[in-house]
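structure.tsv, holding TSV, C-alpha atoms:
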chain	number	residue	atom	x	y	z
A	84	MET	CA	-20.67	-17.13	-21.60
A	85	LEU	CA	-17.31	-15.43	-21.30
A	86	HIS	CA	-17.73	-11.84	-20.09
A	87	ALA	CA	-14.59	-11.41	-18.03
A	88	GLY	CA	-12.49	-9.73	-20.73
A	89	TRP	CA	-8.76	-10.17	-21.04
A	90	LEU	CA	-8.44	-11.32	-17.43
A	91	GLY	CA	-10.75	-14.23	-18.11
A	92	TYR	CA	-8.82	-15.19	-21.24
A	93	PHE	CA	-5.56	-14.95	-19.29
A	94	SER	CA	-6.98	-17.21	-16.61
A	95	LEU	CA	-8.12	-19.75	-19.19
A	96	ALA	CA	-4.71	-19.63	-20.92
A	97	CYS	CA	-2.91	-20.31	-17.62
A	98	ALA	CA	-5.28	-23.17	-16.86
A	99	ALA	CA	-4.76	-24.62	-20.35
A	100	ILE	CA	-0.95	-24.48	-20.05
A	101	ALA	CA	-1.07	-26.12	-16.61
A	102	ALA	CA	-3.46	-28.79	-17.87
A	103	ALA	CA	-1.20	-29.51	-20.86
A	104	ILE	CA	1.81	-30.03	-18.57
A	105	LEU	CA	-0.16	-32.30	-16.23
A	106	LEU	CA	-1.75	-34.34	-19.01
A	107	HIS	CA	1.66	-34.77	-20.65
A	108	PHE	CA	2.98	-36.22	-17.39
A	109	LEU	CA	-0.03	-38.47	-16.88
A	110	ILE	CA	-0.16	-39.80	-20.43
A	111	LYS	CA	3.50	-39.96	-21.47
A	112	LYS	CA	4.73	-41.04	-18.01
A	113	PRO	CA	8.21	-39.55	-18.36
A	114	GLN	CA	10.96	-40.19	-15.84
A	115	LEU	CA	10.58	-37.91	-12.83
A	116	ASP	CA	13.95	-36.22	-13.08
A	117	LEU	CA	14.82	-32.67	-12.10
A	118	ARG	CA	13.62	-31.25	-15.43
A	119	GLN	CA	10.28	-33.00	-15.09
A	120	LYS	CA	9.93	-31.85	-11.50
A	121	LEU	CA	10.44	-28.26	-12.60
A	122	PHE	CA	7.85	-28.73	-15.33
A	123	LEU	CA	5.45	-30.13	-12.75
A	124	PHE	CA	6.23	-27.20	-10.48
A	125	MET	CA	5.06	-24.93	-13.27
A	126	GLY	CA	2.01	-27.11	-13.91
A	127	LEU	CA	1.07	-27.58	-10.26
A	128	GLY	CA	2.32	-24.36	-8.72
A	129	VAL	CA	2.92	-21.36	-10.95
A	130	PHE	CA	0.22	-21.60	-13.62
A	131	PRO	CA	-2.59	-22.83	-11.32
A	132	THR	CA	-1.79	-19.97	-8.91
A	133	LEU	CA	-2.06	-17.47	-11.75
A	134	ALA	CA	-5.26	-19.14	-12.96
A	135	ALA	CA	-6.75	-19.10	-9.45
A	136	ALA	CA	-5.89	-15.45	-8.84
A	137	THR	CA	-7.15	-14.19	-12.18
A	138	SER	CA	-10.28	-16.34	-12.16
A	139	THR	CA	-11.11	-15.02	-8.69
A	140	VAL	CA	-10.71	-11.41	-9.80
A	141	ALA	CA	-12.61	-12.05	-13.04
A	142	GLY	CA	-15.38	-13.83	-11.16
A	143	MET	CA	-15.66	-11.09	-8.56
A	144	GLU	CA	-15.78	-8.45	-11.29
A	145	ARG	CA	-18.54	-10.34	-13.01
A	146	LEU	CA	-20.51	-10.57	-9.77
A	147	THR	CA	-20.66	-6.77	-9.54
A	148	THR	CA	-22.51	-6.29	-12.82
A	149	ARG	CA	-26.20	-5.38	-13.07
A	150	ASP	CA	-26.73	-8.27	-15.48
A	151	PHE	CA	-25.56	-10.67	-12.81
A	152	CYS	CA	-27.81	-9.15	-10.13
A	153	GLY	CA	-30.73	-9.46	-12.53
A	154	SER	CA	-29.99	-13.10	-13.26
A	155	CYS	CA	-32.01	-14.20	-10.20
A	156	HIS	CA	-35.67	-14.11	-11.21
A	157	VAL	CA	-36.72	-12.38	-7.97
A	158	MET	CA	-34.67	-9.35	-9.05
A	159	GLU	CA	-36.22	-9.27	-12.51
A	160	ALA	CA	-38.46	-6.26	-11.80
A	161	HIS	CA	-35.57	-4.31	-10.28
A	162	TYR	CA	-33.36	-5.20	-13.24
A	163	GLN	CA	-35.92	-4.30	-15.87
A	164	ASN	CA	-36.71	-0.97	-14.24
A	165	ALA	CA	-33.05	-0.08	-13.79
A	166	SER	CA	-32.29	-1.06	-17.39
A	167	ASP	CA	-35.25	0.80	-18.88
A	168	PRO	CA	-33.84	3.81	-20.77
A	169	LYS	CA	-37.09	5.74	-20.28
A	170	ALA	CA	-37.63	4.96	-16.59
A	171	GLN	CA	-37.20	7.88	-14.19
A	172	SER	CA	-36.74	6.02	-10.93
A	173	LEU	CA	-33.64	6.82	-8.90
A	174	ALA	CA	-32.16	3.41	-9.74
A	175	ALA	CA	-32.83	3.82	-13.47
A	176	ARG	CA	-31.32	7.31	-13.62
A	177	HIS	CA	-28.20	6.13	-11.81
A	178	SER	CA	-27.98	3.05	-14.04
A	179	ARG	CA	-27.61	5.34	-17.04
A	180	ASN	CA	-24.42	6.81	-15.55
A	181	PRO	CA	-21.62	6.04	-18.03
A	182	PHE	CA	-19.06	5.50	-15.27
A	183	PHE	CA	-20.76	2.91	-13.08
A	184	GLY	CA	-24.09	2.26	-14.77
A	185	LYS	CA	-23.25	-1.32	-15.66
A	186	GLU	CA	-22.48	-1.99	-12.00
A	187	SER	CA	-25.18	0.27	-10.58
A	188	CYS	CA	-26.55	-2.32	-8.12
A	189	TYR	CA	-23.11	-2.87	-6.64
A	190	ALA	CA	-22.17	0.83	-6.71
A	191	CYS	CA	-25.21	1.80	-4.65
A	192	HIS	CA	-25.59	-1.23	-2.37
A	193	ALA	CA	-21.99	-2.10	-1.53
A	194	ASP	CA	-20.73	-1.29	1.93
A	195	TYR	CA	-17.82	1.09	2.05
A	196	GLY	CA	-15.01	1.45	4.52
A	197	MET	CA	-12.09	-0.72	5.54
A	198	TYR	CA	-14.00	-4.00	5.56
A	199	GLY	CA	-16.60	-2.91	3.04
A	200	TYR	CA	-15.62	-5.27	0.25
A	201	ALA	CA	-15.48	-8.30	2.53
A	202	LEU	CA	-18.76	-7.38	4.21
A	203	THR	CA	-20.43	-6.86	0.85
A	204	LYS	CA	-19.27	-10.26	-0.33
A	205	LEU	CA	-20.52	-11.84	2.90
A	206	GLY	CA	-23.86	-10.17	2.27
A	207	GLY	CA	-23.80	-11.60	-1.25
A	208	ALA	CA	-23.15	-15.07	0.15
A	209	ARG	CA	-26.22	-14.60	2.34
A	210	HIS	CA	-28.25	-13.78	-0.79
A	211	VAL	CA	-27.02	-17.00	-2.40
A	212	TYR	CA	-28.03	-18.94	0.69
A	213	TYR	CA	-31.50	-17.37	0.73
A	214	TYR	CA	-31.94	-17.98	-2.99
A	215	TYR	CA	-30.94	-21.63	-3.06
A	216	LEU	CA	-31.81	-22.79	0.47
A	217	GLY	CA	-34.00	-20.07	1.94
A	218	GLY	CA	-36.92	-20.34	-0.46
A	219	TYR	CA	-36.31	-17.24	-2.60
A	220	GLY	CA	-35.62	-19.44	-5.63
A	221	ASP	CA	-39.15	-20.87	-5.53
A	222	MET	CA	-40.93	-17.55	-5.03
A	223	THR	CA	-43.12	-15.89	-7.60
A	224	MET	CA	-42.49	-12.23	-8.37
A	225	ALA	CA	-45.51	-11.20	-6.31
A	226	GLU	CA	-44.27	-13.17	-3.33
A	227	ALA	CA	-40.76	-11.81	-3.80
A	228	LYS	CA	-41.97	-8.21	-3.81
A	229	ARG	CA	-43.76	-8.89	-0.56
A	230	ALA	CA	-41.06	-10.85	1.22
A	231	ILE	CA	-37.71	-9.53	0.02
A	232	HIS	CA	-36.49	-6.34	1.60
A	233	LEU	CA	-33.27	-4.64	2.61
A	234	VAL	CA	-31.64	-6.25	5.59
A	235	LYS	CA	-30.90	-2.82	7.08
A	236	PRO	CA	-31.99	0.73	6.24
A	237	TYR	CA	-30.19	2.24	3.29
A	238	ASP	CA	-27.13	4.19	4.38
A	239	ASN	CA	-26.92	7.77	3.06
A	240	LEU	CA	-23.16	7.34	3.06
A	241	ASN	CA	-23.58	5.32	-0.14
A	242	CYS	CA	-25.15	8.39	-1.79
A	243	ARG	CA	-22.46	10.63	-0.36
A	244	GLN	CA	-19.64	8.67	-1.97
A	245	CYS	CA	-20.50	10.71	-5.10
A	246	HIS	CA	-22.76	13.47	-3.78
A	247	THR	CA	-20.34	14.83	-1.23
A	248	THR	CA	-22.82	17.39	0.18
A	249	THR	CA	-20.09	20.03	0.11
A	250	ALA	CA	-20.78	21.55	-3.31
A	251	ARG	CA	-22.62	24.86	-3.52
A	252	GLY	CA	-25.41	23.30	-5.54
A	253	TRP	CA	-26.21	20.95	-2.68
A	254	ARG	CA	-25.87	23.55	0.04
A	255	ASP	CA	-28.10	26.01	-1.84
A	256	VAL	CA	-31.10	23.68	-1.40
A	257	PRO	CA	-32.84	24.79	1.80
A	258	ASP	CA	-34.08	21.27	2.62
A	259	HIS	CA	-30.53	19.96	2.48
A	260	THR	CA	-29.17	22.48	4.94
A	261	ALA	CA	-32.19	22.15	7.22
A	262	LEU	CA	-31.92	18.35	7.32
A	263	GLN	CA	-28.15	18.02	7.14
A	264	LYS	CA	-27.80	16.57	10.65
A	265	GLU	CA	-30.62	14.09	10.11
A	266	LEU	CA	-29.18	13.09	6.75
A	267	PHE	CA	-25.72	12.48	8.17
A	268	GLU	CA	-27.20	10.44	11.02
A	269	ASN	CA	-29.38	8.43	8.61
A	270	ARG	CA	-32.56	9.58	10.32
A	271	VAL	CA	-33.84	10.81	6.95
A	272	SER	CA	-33.08	8.89	3.78
A	273	CYS	CA	-32.08	10.63	0.55
A	274	ALA	CA	-34.03	7.90	-1.26
A	275	SER	CA	-37.33	8.43	0.47
A	276	GLY	CA	-40.70	9.48	-0.84
A	277	GLY	CA	-40.45	13.03	0.43
A	278	CYS	CA	-36.96	13.65	-0.90
A	279	HIS	CA	-35.56	12.17	-4.11
A	280	GLY	CA	-38.06	9.34	-4.34
A	281	PHE	CA	-37.62	5.64	-3.77
A	282	ALA	CA	-34.90	3.97	-5.78
A	283	HIS	CA	-37.25	1.13	-6.73
A	284	PRO	CA	-40.70	2.73	-6.48
A	285	PHE	CA	-42.57	-0.25	-7.92
A	286	THR	CA	-41.88	-2.06	-4.65
A	287	LYS	CA	-43.70	0.69	-2.74
A	288	GLY	CA	-47.24	0.12	-3.86
A	289	PRO	CA	-49.10	0.90	-7.08
A	290	ASP	CA	-48.30	4.62	-6.95
A	291	GLY	CA	-44.68	4.10	-5.99
A	292	LEU	CA	-45.09	6.36	-2.98
A	293	GLY	CA	-44.99	3.81	-0.20
A	294	MET	CA	-47.05	0.98	1.19
A	295	MET	CA	-49.04	3.10	3.60
A	296	SER	CA	-49.72	6.14	1.46
A	297	ALA	CA	-53.25	7.38	1.06
A	298	ALA	CA	-53.20	6.62	-2.67
A	299	SER	CA	-52.14	3.05	-1.96
A	300	ALA	CA	-54.90	2.68	0.56
A	301	SER	CA	-57.52	3.96	-1.86
A	302	ALA	CA	-56.16	1.69	-4.58
A	303	ALA	CA	-56.49	-1.22	-2.21
A	304	ALA	CA	-60.03	-0.21	-1.37
A	305	SER	CA	-60.93	-0.13	-5.06
A	306	GLY	CA	-59.66	-3.69	-5.53
A	307	ALA	CA	-56.38	-2.93	-7.25
A	308	PRO	CA	-53.52	-5.27	-6.35
A	309	VAL	CA	-51.45	-3.83	-3.52
A	310	PRO	CA	-48.32	-5.54	-2.25
A	311	VAL	CA	-48.59	-6.63	1.33
A	312	ALA	CA	-46.25	-4.88	3.75
A	313	PRO	CA	-43.26	-6.85	5.06
A	314	PRO	CA	-43.58	-8.46	8.47
A	315	SER	CA	-43.55	-6.04	11.37
A	316	GLY	CA	-40.09	-5.29	12.66
A	317	ALA	CA	-38.46	-6.12	9.35
A	318	PRO	CA	-36.26	-3.42	7.86
A	319	GLN	CA	-37.73	-1.73	4.82
A	320	HIS	CA	-36.61	0.50	2.01
A	321	GLY	CA	-36.50	4.21	2.57
A	322	ALA	CA	-36.27	6.33	5.64
A	323	LYS	CA	-36.24	5.16	9.17
A	324	PRO	CA	-39.38	6.03	11.07
B	788	MET	CA	13.77	-60.00	7.93
B	789	ASN	CA	15.07	-57.02	5.99
B	790	LEU	CA	12.32	-54.45	5.52
B	791	SER	CA	14.33	-51.78	3.75
B	792	PRO	CA	13.65	-52.98	0.16
B	793	LEU	CA	9.95	-53.07	0.96
B	794	LEU	CA	10.05	-49.58	2.47
B	795	GLU	CA	12.07	-48.38	-0.48
B	796	ARG	CA	9.53	-49.78	-2.89
B	797	LEU	CA	6.68	-48.29	-0.91
B	798	ARG	CA	8.37	-44.92	-0.91
B	799	GLU	CA	8.90	-45.09	-4.68
B	800	ARG	CA	5.27	-45.99	-5.17
B	801	SER	CA	4.22	-43.20	-2.84
B	802	VAL	CA	6.24	-40.66	-4.78
B	803	LEU	CA	4.72	-41.73	-8.07
B	804	GLY	CA	1.25	-42.11	-6.58
B	805	LEU	CA	1.33	-38.75	-4.84
B	806	THR	CA	2.51	-37.05	-8.01
B	807	ARG	CA	-0.33	-38.61	-9.98
B	808	ILE	CA	-2.86	-37.69	-7.31
B	809	ALA	CA	-1.51	-34.13	-7.44
B	810	CYS	CA	-1.96	-34.03	-11.21
B	811	TRP	CA	-5.54	-35.31	-11.13
B	812	ALA	CA	-6.49	-33.01	-8.24
B	813	ALA	CA	-4.98	-30.02	-10.01
B	814	LEU	CA	-6.82	-30.89	-13.23
B	815	ALA	CA	-10.11	-31.08	-11.34
B	816	GLY	CA	-9.41	-27.75	-9.62
B	817	LEU	CA	-8.46	-26.09	-12.89
B	818	ALA	CA	-11.64	-27.37	-14.52
B	819	ILE	CA	-13.77	-25.88	-11.75
B	820	MET	CA	-11.93	-22.56	-11.91
B	821	SER	CA	-12.21	-22.43	-15.71
B	822	LEU	CA	-15.92	-23.19	-15.45
B	823	SER	CA	-16.37	-20.14	-13.21
B	824	VAL	CA	-14.73	-17.96	-15.87
B	825	VAL	CA	-16.69	-19.35	-18.81
B	826	TRP	CA	-20.07	-19.50	-17.00
B	827	PRO	CA	-19.78	-16.98	-14.17
B	828	GLY	CA	-22.55	-17.47	-11.65
B	829	SER	CA	-22.73	-17.17	-7.90
B	830	LEU	CA	-22.47	-20.91	-7.31
B	831	GLN	CA	-19.71	-21.41	-9.86
B	832	VAL	CA	-17.58	-18.60	-8.44
B	833	MET	CA	-18.10	-19.80	-4.88
B	834	LEU	CA	-17.28	-23.36	-5.94
B	835	ALA	CA	-14.15	-22.17	-7.73
B	836	MET	CA	-13.00	-20.19	-4.70
B	837	SER	CA	-13.63	-23.05	-2.29
B	838	ALA	CA	-13.42	-26.47	-3.94
B	839	GLY	CA	-11.35	-25.36	-6.93
B	840	GLN	CA	-8.70	-23.55	-4.96
B	841	GLY	CA	-8.82	-26.22	-2.23
B	842	LEU	CA	-8.07	-28.91	-4.79
B	843	GLY	CA	-5.24	-26.76	-6.14
B	844	ILE	CA	-3.72	-26.41	-2.67
B	845	LEU	CA	-4.14	-30.14	-2.06
B	846	ALA	CA	-2.44	-30.87	-5.38
B	847	PHE	CA	0.51	-28.64	-4.61
B	848	ALA	CA	0.83	-30.14	-1.11
B	849	CYS	CA	0.88	-33.66	-2.60
B	850	TYR	CA	3.52	-32.56	-5.09
B	851	LEU	CA	5.70	-31.03	-2.36
B	852	LEU	CA	5.34	-34.17	-0.25
B	853	SER	CA	6.32	-36.35	-3.18
B	854	VAL	CA	9.40	-34.19	-3.82
B	855	ILE	CA	10.38	-34.36	-0.14
B	856	LEU	CA	9.87	-38.13	-0.08
B	857	ASP	CA	11.95	-38.45	-3.22
B	858	LEU	CA	14.76	-36.27	-1.89
B	859	THR	CA	14.93	-37.96	1.51
B	860	ARG	CA	14.94	-41.44	0.01
B	861	PRO	CA	18.04	-43.44	0.97
B	862	GLY	CA	20.11	-44.68	-1.92
B	863	ALA	CA	21.03	-41.29	-3.33
B	864	ARG	CA	19.20	-41.87	-6.59
B	865	PRO	CA	17.95	-38.47	-7.67
B	866	SER	CA	14.55	-39.71	-8.84
B	867	PHE	CA	12.61	-42.84	-9.40
B	868	VAL	CA	12.46	-44.44	-12.77
B	869	PRO	CA	9.13	-45.40	-14.34
B	870	ALA	CA	8.28	-49.07	-14.17
B	871	ASN	CA	8.77	-49.78	-17.88
B	872	ALA	CA	12.16	-48.06	-17.93
B	873	ARG	CA	13.23	-49.93	-14.79
B	874	VAL	CA	12.39	-53.28	-16.33
B	875	SER	CA	14.30	-52.53	-19.48
B	876	SER	CA	17.35	-51.38	-17.56
B	877	GLU	CA	17.57	-54.52	-15.42
B	878	PRO	CA	19.89	-57.28	-16.61
B	879	LYS	CA	18.02	-59.92	-18.51
B	880	ALA	CA	17.74	-63.27	-16.75
B	881	LYS	CA	19.57	-66.12	-18.41
B	882	PRO	CA	17.29	-68.84	-19.73
B	883	ASP	CA	17.39	-72.07	-17.83
B	884	LYS	CA	19.17	-74.84	-19.53
Output the structure of this file as structure tokens.
Amino acid sequence: MLHAGWLGYFSLACAAIAAAILLHFLIKKPQLDLRQKLFLFMGLGVFPTLAAATSTVAGMERLTTRDFCGSCHVMEAHYQNASDPKAQSLAARHSRNPFFGKESCYACHADYGMYGYALTKLGGARHVYYYYLGGYGDMTMAEAKRAIHLVKPYDNLNCRQCHTTTARGWRDVPDHTALQKELFENRVSCASGGCHGFAHPFTKGPDGLGMMSAASASAAASGAPVPVAPPSGAPQHGAKP
Amino acid sequence: MNLSPLLERLRERSVLGLTRIACWAALAGLAIMSLSVVWPGSLQVMLAMSAGQGLGILAFACYLLSVILDLTRPGARPSFVPANARVSSEPKAKPDK
């Protein structure tokens, strides 16, 4: 139901005032004099514009929440892991951040830069298309884990919006300084098995270390369920090869 | 054949009709936008930002057109009068003897 806060209530109030003016005109049929025209201007111009603007902002805000991202069943595993207070995955630890934890999916997956917001929303529209018309909506969780993947490799710039890589604590780690160029050029991912671990390790095989790890292979040999790797050429989570 | 009374009547009807269309379109748009606030989902928000706001723009355009038609109407009457008021203001016909 209503989660948009005061902006949502403001939008509904504007819509209600506009509707009252319009219904009054339609039902009472008053003479269309100057006073009535001004009333209609409020009911057809001013209040609907306010309602449209605030409902757009409220709607967009709502679409950035983790609850919303988890509302599609194919994201259920990601949502549950990120929301688990005891989970230690990268996504779960970031989702416990008091500043952006409730919007952790958006905070980590949104594109940044001049056109970042628009590009992120376009990407979201593509998700809607895939969910309703591209077959994602009919997938089981097992099929979703196999088929759904990042459209492009994860950009380290998204990590660096908070972890600036300029603090002494970061520079004091030898691996950071040794791999700084590769990290900045996205040739090594911060969220890879050898570094800080995958953000959503349950998508990387039973051990959470990656589809092709030795442990995954042995698990597969012993008959344990192992997710099938995405089609060749498809972008995957983690580091570029 | 004098067409001006017919055109005048048509214009009056258009003004009233356009205003009513504007009201109904705006109500539909407002309902869609309110729905996206009460039940925010991807489809609802997209519908509100496309169909809802489109209906709102259509409504305002109809309203502006009706105002322009009303203002440019020959006869210098500032606005039309609703049908019931017009009937009551006309002189009553004398009964035939």
Just the number, please: distance in Å from CA of Ser166 (chain A) to CA of Arg149 (chain A), one decimal.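 These two atoms are separated by 8.6 Å.
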Skip Ser853 (chain B) itself and residues of its chain fewer than 5 positions away, then list as a list in words all residues within 7 Å of it, counting all atoms listed in the file.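 These residues fall inside the cut-off: Val802, Leu805 and Thr806 of chain B.
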Kindly provide the residues of chain B that approach chain A to within 7 Å, each paired with its closest atom pair and their distance in Å to one decimal, based on all atoms listed in the file, listed by chain and increasing number, as JSON lines.
{"residue": "B:Arg807", "atom": "CA", "partner": "A:Leu109", "partner_atom": "CA", "distance": 6.9}
{"residue": "B:Cys810", "atom": "CA", "partner": "A:Leu105", "partner_atom": "CA", "distance": 5.6}
{"residue": "B:Ala813", "atom": "CA", "partner": "A:Leu127", "partner_atom": "CA", "distance": 6.5}
{"residue": "B:Leu814", "atom": "CA", "partner": "A:Ala102", "partner_atom": "CA", "distance": 6.1}
{"residue": "B:Leu817", "atom": "CA", "partner": "A:Ala98", "partner_atom": "CA", "distance": 5.9}
{"residue": "B:Met820", "atom": "CA", "partner": "A:Ser138", "partner_atom": "CA", "distance": 6.4}
{"residue": "B:Ser821", "atom": "CA", "partner": "A:Leu95", "partner_atom": "CA", "distance": 6.0}
{"residue": "B:Ser823", "atom": "CA", "partner": "A:Gly142", "partner_atom": "CA", "distance": 6.7}
{"residue": "B:Val824", "atom": "CA", "partner": "A:Gly91", "partner_atom": "CA", "distance": 5.9}
{"residue": "B:Val825", "atom": "CA", "partner": "A:Leu85", "partner_atom": "CA", "distance": 4.7}
{"residue": "B:Trp826", "atom": "CA", "partner": "A:Met84", "partner_atom": "CA", "distance": 5.2}
{"residue": "B:Pro827", "atom": "CA", "partner": "A:Gly142", "partner_atom": "CA", "distance": 6.2}
{"residue": "B:Ser829", "atom": "CA", "partner": "A:Val211", "partner_atom": "CA", "distance": 7.0}
{"residue": "B:Val832", "atom": "CA", "partner": "A:Gly142", "partner_atom": "CA", "distance": 5.9}
{"residue": "B:Met836", "atom": "CA", "partner": "A:Thr139", "partner_atom": "CA", "distance": 6.8}
{"residue": "B:Gln840", "atom": "CA", "partner": "A:Ala135", "partner_atom": "CA", "distance": 6.6}
{"residue": "B:Ala846", "atom": "CA", "partner": "A:Leu127", "partner_atom": "CA", "distance": 6.9}
{"residue": "B:Phe847", "atom": "CA", "partner": "A:Leu127", "partner_atom": "CA", "distance": 5.8}
{"residue": "B:Ser866", "atom": "CA", "partner": "A:Asp116", "partner_atom": "CA", "distance": 5.5}
{"residue": "B:Phe867", "atom": "CA", "partner": "A:Leu115", "partner_atom": "CA", "distance": 6.3}
{"residue": "B:Val868", "atom": "CA", "partner": "A:Gln114", "partner_atom": "CA", "distance": 5.5}
{"residue": "B:Pro869", "atom": "CA", "partner": "A:Gln114", "partner_atom": "CA", "distance": 5.7}
Could you give me the centre and size, in Å to one decimal, of an axis-aligned box around all listed atoms of region 162-179 of chain A with 3 Å added on every side, as AutoDock Vina command-line options?
--center_x -32.6 --center_y 1.3 --center_z -14.8 --size_x 16.0 --size_y 19.1 --size_z 17.9
How many Å lie between CA of Leu266 (chain A) and CA of Gln163 (chain A), rounded to one decimal? 29.3 Å
Using Å and a single decimal, report how far CA of Leu834 (chain B) sits from CA of Leu852 (chain B). 25.7 Å
Closest of A:Phe285, A:Phe93, A:Tyr213, A:Tyr200 to Lys228 (chain A) - atom-to-atom distances counting only C-alpha atoms: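 Closest candidate: A:Phe285.
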Need the shell around region 168-175 of chain A: protein/DNA/RNA residues with any atom at most 9 Å away, counting all atoms listed in the file. Skip same-chain ones fewer than 6 positions apart. Format as a count of residues only? 12
Would you please work out which residue, of B:Pro792, B:Ala835, B:Cys849, B:Gly804, is nearest to Ala818 (chain B) when using only C-alpha atoms?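 Checking each candidate against Ala818 (chain B), we get B:Ala835 as the closest.
Nearest to Gly816 (chain B) of all the residues B:Leu830, B:Ala838, B:Ala848, B:Leu858 is B:Ala838, based on only C-alpha atoms.
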